[in-house]
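Coordinates from protein_6.cif are shown below (mmCIF, C-alpha atoms).
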```cif
data_start
#
loop_
_atom_site.label_atom_id
_atom_site.label_comp_id
_atom_site.auth_asym_id
_atom_site.auth_seq_id
_atom_site.Cartn_x
_atom_site.Cartn_y
_atom_site.Cartn_z
CA LEU Q 1 77.46 84.02 94.33
CA SER Q 2 76.75 80.52 93.20
CA THR Q 3 75.76 79.87 89.60
CA GLN Q 4 72.45 78.50 90.89
CA MET Q 5 71.67 81.88 92.51
CA LEU Q 6 72.70 83.74 89.35
CA ARG Q 7 70.32 81.64 87.26
CA GLY Q 8 67.43 82.08 89.65
CA ARG Q 9 64.38 84.23 89.31
CA GLY Q 10 65.14 87.96 89.11
CA ALA Q 11 68.91 87.51 88.83
CA ILE Q 12 69.45 89.61 85.70
CA PRO Q 13 67.52 92.72 86.83
CA SER Q 14 68.98 92.51 90.32
CA LEU Q 15 72.55 92.30 88.97
CA SER Q 16 71.80 95.26 86.70
CA LEU Q 17 70.58 97.18 89.73
CA LEU Q 18 73.77 96.23 91.59
CA LYS Q 19 75.95 97.56 88.76
CA LEU Q 20 73.99 100.80 88.62
CA LEU Q 21 74.31 101.35 92.37
CA VAL Q 22 78.01 100.45 92.42
CA GLY Q 23 78.67 103.00 89.68
CA SER Q 24 76.69 105.80 91.33
CA PRO Q 25 78.14 108.48 93.62
CA HIS Q 26 77.78 107.46 97.26
CA ARG Q 27 76.23 104.23 95.94
CA PHE Q 28 72.88 106.06 95.74
CA ALA Q 29 70.58 106.44 92.73
CA SER Q 30 67.09 107.87 92.52
CA LYS Q 31 64.27 105.54 91.69
CA ASP Q 32 63.41 107.52 88.55
CA TRP Q 33 66.99 107.36 87.23
CA LEU Q 34 67.25 103.64 87.97
CA ALA Q 35 63.95 102.95 86.20
CA THR Q 36 65.13 104.89 83.14
CA GLN Q 37 68.45 103.03 83.03
CA MET Q 38 66.85 99.62 83.50
CA GLN Q 39 64.13 100.04 80.84
CA GLN Q 40 66.16 97.93 78.43
CA GLU Q 41 66.03 95.01 80.86
CA MET Q 42 62.51 95.56 82.13
CA GLU Q 43 59.14 95.94 80.47
CA ALA Q 44 56.43 98.52 81.25
CA GLY Q 45 55.93 99.29 84.92
CA ALA Q 46 59.65 99.55 85.65
CA VAL Q 47 59.15 101.61 88.81
CA ILE Q 48 56.99 98.93 90.42
CA ARG Q 49 59.28 96.15 89.29
CA LEU Q 50 62.32 98.07 90.48
CA ASP Q 51 61.16 97.37 94.04
CA THR Q 52 61.04 93.69 93.20
CA SER Q 53 64.54 93.84 91.69
CA ALA Q 54 65.81 95.50 94.86
CA SER Q 55 64.24 92.72 96.92
CA TYR Q 56 65.92 90.06 94.75
CA LEU Q 57 69.23 91.91 95.04
CA ARG Q 58 68.93 91.89 98.84
CA GLY Q 59 68.37 88.14 98.66
CA LEU Q 60 71.43 87.65 96.46
CA LEU Q 61 73.65 89.73 98.72
CA CYS Q 62 72.46 88.39 102.06
CA GLY Q 63 71.05 84.95 101.45
CA LEU Q 64 68.14 83.64 103.44
CA GLU Q 65 69.79 81.32 105.96
CA ARG Q 66 70.88 83.89 108.56
CA GLU Q 67 68.80 84.70 111.62
CA ASP Q 68 69.38 88.44 111.28
CA SER Q 69 68.74 88.42 107.55
CA ASP Q 70 65.82 90.91 107.66
CA VAL Q 71 67.95 93.65 109.26
CA LEU Q 72 70.91 92.79 107.06
CA ARG Q 73 68.75 92.78 103.94
CA ARG Q 74 67.34 96.23 104.71
CA GLN Q 75 70.83 97.59 105.35
CA SER Q 76 72.42 96.05 102.26
CA VAL Q 77 70.13 97.83 99.79
CA ALA Q 78 68.34 100.61 101.62
CA TYR Q 79 65.32 102.44 100.26
CA LEU Q 80 65.67 106.16 101.01
CA ARG Q 81 62.49 108.18 100.82
CA ASN Q 82 64.20 111.54 100.39
CA GLY Q 83 67.62 110.78 99.04
CA ARG Q 84 70.02 113.60 98.37
CA GLY Q 85 67.43 116.04 97.03
CA SER Q 86 66.65 113.90 94.00
CA GLY Q 87 63.63 112.05 95.33
CA PRO Q 88 63.33 108.54 96.67
CA GLY Q 89 65.85 105.94 95.66
CA TYR Q 90 68.10 103.08 96.66
CA GLN Q 91 71.50 103.07 98.30
CA LEU Q 92 73.93 100.18 98.46
CA ALA Q 93 75.45 99.73 101.91
CA PRO Q 94 78.91 101.19 102.48
CA TYR Q 95 82.02 99.47 103.80
CA PRO Q 96 82.30 97.32 105.94
CA LEU Q 97 78.94 95.72 105.07
CA ILE Q 98 79.64 95.74 101.32
CA TRP Q 99 83.26 96.07 100.28
CA LEU Q 100 84.18 97.14 96.74
CA ASP Q 101 87.59 96.97 95.11
CA ARG Q 102 86.95 100.45 93.72
CA ASP Q 103 86.56 101.90 97.22
CA ALA Q 104 89.71 100.14 98.39
CA LEU Q 105 91.59 101.40 95.34
CA PHE Q 106 90.75 105.02 96.10
CA PHE Q 107 91.61 104.47 99.77
CA TYR Q 108 95.07 103.15 98.82
CA VAL Q 109 95.69 106.03 96.40
CA GLU Q 110 94.68 108.57 99.04
CA GLN Q 111 96.88 106.95 101.69
CA ALA Q 112 99.83 106.70 99.30
CA ALA Q 113 99.58 110.37 98.39
CA ARG Q 114 99.34 111.28 102.08
CA MET Q 115 102.42 109.19 102.93
CA GLU Q 116 104.40 110.84 100.13
CA ARG Q 117 103.33 114.28 101.30
CA PHE Q 118 104.74 113.54 104.76
CA GLY Q 119 107.96 112.08 103.36
CA HIS Q 120 107.27 108.41 104.16
CA SER Q 121 108.27 106.99 100.79
CA GLN Q 122 108.54 103.35 101.91
CA GLU Q 123 105.00 103.33 103.31
CA ALA Q 124 103.80 105.19 100.22
CA LEU Q 125 105.41 102.55 98.01
CA SER Q 126 103.46 99.84 99.81
CA PHE Q 127 100.15 101.67 99.31
CA TRP Q 128 100.94 102.39 95.64
CA GLU Q 129 101.71 98.69 95.08
CA GLN Q 130 98.37 97.72 96.62
CA ALA Q 131 96.57 100.32 94.50
CA TYR Q 132 98.29 99.05 91.36
CA ALA Q 133 97.37 95.44 92.20
CA LEU Q 134 93.68 96.38 92.45
CA ALA Q 135 93.58 98.72 89.45
CA SER Q 136 95.38 96.29 87.17
CA ARG Q 137 92.82 93.53 87.72
CA GLY Q 138 90.93 94.66 84.67
CA GLU Q 139 88.57 97.21 83.29
CA TYR Q 140 85.76 98.55 85.46
CA LEU Q 141 82.45 96.89 84.52
CA PRO Q 142 83.68 95.60 81.14
CA ASP Q 143 80.20 94.39 80.16
CA GLU Q 144 78.91 97.98 80.33
CA GLN Q 145 81.19 99.42 77.62
CA TYR Q 146 78.57 101.64 76.06
CA SER Q 147 76.67 102.71 79.17
CA LYS Q 148 77.10 106.42 79.85
CA TRP Q 149 76.56 105.96 83.59
CA ALA Q 150 79.62 103.66 83.81
CA GLN Q 151 81.95 106.02 81.92
CA GLU Q 152 82.90 108.34 84.80
CA PRO Q 153 83.70 105.58 87.32
CA ARG Q 154 85.64 103.74 84.59
CA GLU Q 155 87.72 106.85 83.92
CA GLN Q 156 88.36 107.28 87.66
CA VAL Q 157 89.68 103.73 87.94
CA GLU Q 158 91.84 104.18 84.82
CA GLY Q 159 93.18 107.44 86.29
CA ALA Q 160 94.07 105.69 89.54
CA LEU Q 161 95.89 103.01 87.55
CA ARG Q 162 97.91 105.62 85.62
CA GLN Q 163 98.65 107.51 88.82
CA SER Q 164 99.89 104.35 90.56
CA VAL Q 165 102.09 103.37 87.59
CA HIS Q 166 103.75 106.81 87.54
CA ALA Q 167 104.21 106.81 91.31
CA LEU Q 168 105.70 103.29 91.32
CA HIS Q 169 108.09 104.26 88.54
CA ARG Q 170 109.19 107.35 90.43
CA LEU Q 171 109.55 105.56 93.79
CA TYR Q 172 111.35 102.50 92.41
CA LEU Q 173 113.85 104.73 90.63
CA ALA Q 174 114.39 106.79 93.78
CA ARG Q 175 114.87 103.64 95.86
CA ASP Q 176 116.97 101.51 93.50
CA GLY Q 177 118.63 104.18 91.37
CA GLU Q 178 119.41 104.12 87.66
CA ALA Q 179 120.47 100.46 87.83
CA ALA Q 180 116.83 99.47 88.23
CA GLU Q 181 115.53 101.62 85.38
CA GLU Q 182 115.28 98.76 82.90
CA GLU Q 183 113.45 96.59 85.42
CA VAL Q 184 111.07 99.43 86.28
#
```

As structure tokens, what does this structure read like?
Amino acid sequence: LSTQMLRGRGAIPSLSLLKLLVGSPHRFASKDWLATQMQQEMEAGAVIRLDTSASYLRGLLCGLEREDSDVLRRQSVAYLRNGRGSGPGYQLAPYPLIWLDRDALFFYVEQAARMERFGHSQEALSFWEQAYALASRGEYLPDEQYSKWAQEPREQVEGALRQSVHALHRLYLARDGEAAEEEV
């Protein structure tokens, strides 16, 4: 996103909404929960203004120059009237429309574990290296250190990093032997 877009009207609440949806299971959060979490950023009437923030977020994600932008906008941040038994809410589009490093990280970890289970250590090593590269990019949502909603996803990413480090250590030693121990 360009700095001009990030300085535009509604950028701060829409980015907060994006972070909340990214950190939620299945990228879905109820409207009530989102309004409660965003009260710090928004004044009274958060539920009404949450709709506006969602609209701004759609604009940030999709832009306005595409012909099919209306369909794309509705798909990128969908409003679900009866979402997952917790009332109406918003859901961020899944892959391939919106791709997150966190989703790719868990995909690589899952594939690596599967390859190891079937005895394909070279393929597993490749997946573990890709998982490590993503997980070692930095902390998950570092600007939300004290937000309780970001704690669980942060711990999951840290766990995937630890798991990839241990797996790489094990696989490098198995491949290169004791001579590579210092390098590992």

Any chance you could work out the residue set of the PyMOL selection byres ((chain Q and resi 126) around 12) here, as a short mmCIF file (atom, residue, chain, number, x, y, z; two decimals) with C-alpha atoms, in the coordinates of the input?
```cif
data_model
loop_
_atom_site.label_atom_id
_atom_site.label_comp_id
_atom_site.auth_asym_id
_atom_site.auth_seq_id
_atom_site.Cartn_x
_atom_site.Cartn_y
_atom_site.Cartn_z
CA TYR Q 108 95.07 103.15 98.82
CA VAL Q 109 95.69 106.03 96.40
CA GLN Q 111 96.88 106.95 101.69
CA ALA Q 112 99.83 106.70 99.30
CA ALA Q 113 99.58 110.37 98.39
CA MET Q 115 102.42 109.19 102.93
CA GLU Q 116 104.40 110.84 100.13
CA HIS Q 120 107.27 108.41 104.16
CA SER Q 121 108.27 106.99 100.79
CA GLN Q 122 108.54 103.35 101.91
CA GLU Q 123 105.00 103.33 103.31
CA ALA Q 124 103.80 105.19 100.22
CA LEU Q 125 105.41 102.55 98.01
CA PHE Q 127 100.15 101.67 99.31
CA TRP Q 128 100.94 102.39 95.64
CA GLU Q 129 101.71 98.69 95.08
CA GLN Q 130 98.37 97.72 96.62
CA ALA Q 131 96.57 100.32 94.50
CA TYR Q 132 98.29 99.05 91.36
CA ALA Q 133 97.37 95.44 92.20
CA SER Q 164 99.89 104.35 90.56
CA ALA Q 167 104.21 106.81 91.31
CA LEU Q 168 105.70 103.29 91.32
CA LEU Q 171 109.55 105.56 93.79
CA TYR Q 172 111.35 102.50 92.41
#
```

#### Entry: Chain and number of each residue from the PyMOL selection byres ((chain Q and resi 98) around 10), as an NGL selection string
:Q and (61 or 75-77 or 92-97 or 99-100)

### Message
Selection in question (the file shown): the PyMOL selection byres ((chain Q and resi 143-160) around 10). Which residues does it include, as a VMD selection string?
### Response
chain Q and resid 16 19 to 20 22 to 25 37 102 to 103 105 to 106 108 to 110 128 131 to 132 134 to 136 138 to 142 161 to 166

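Computed from the coordinates, the CA of Arg49 (chain Q) to CA of Ser86 (chain Q) distance equals 19.8 Å.
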
### Task
Find the distance between CA of Leu21 (chain Q) and CA of Leu34 (chain Q) and write it in Å to one decimal.
8.6 Å
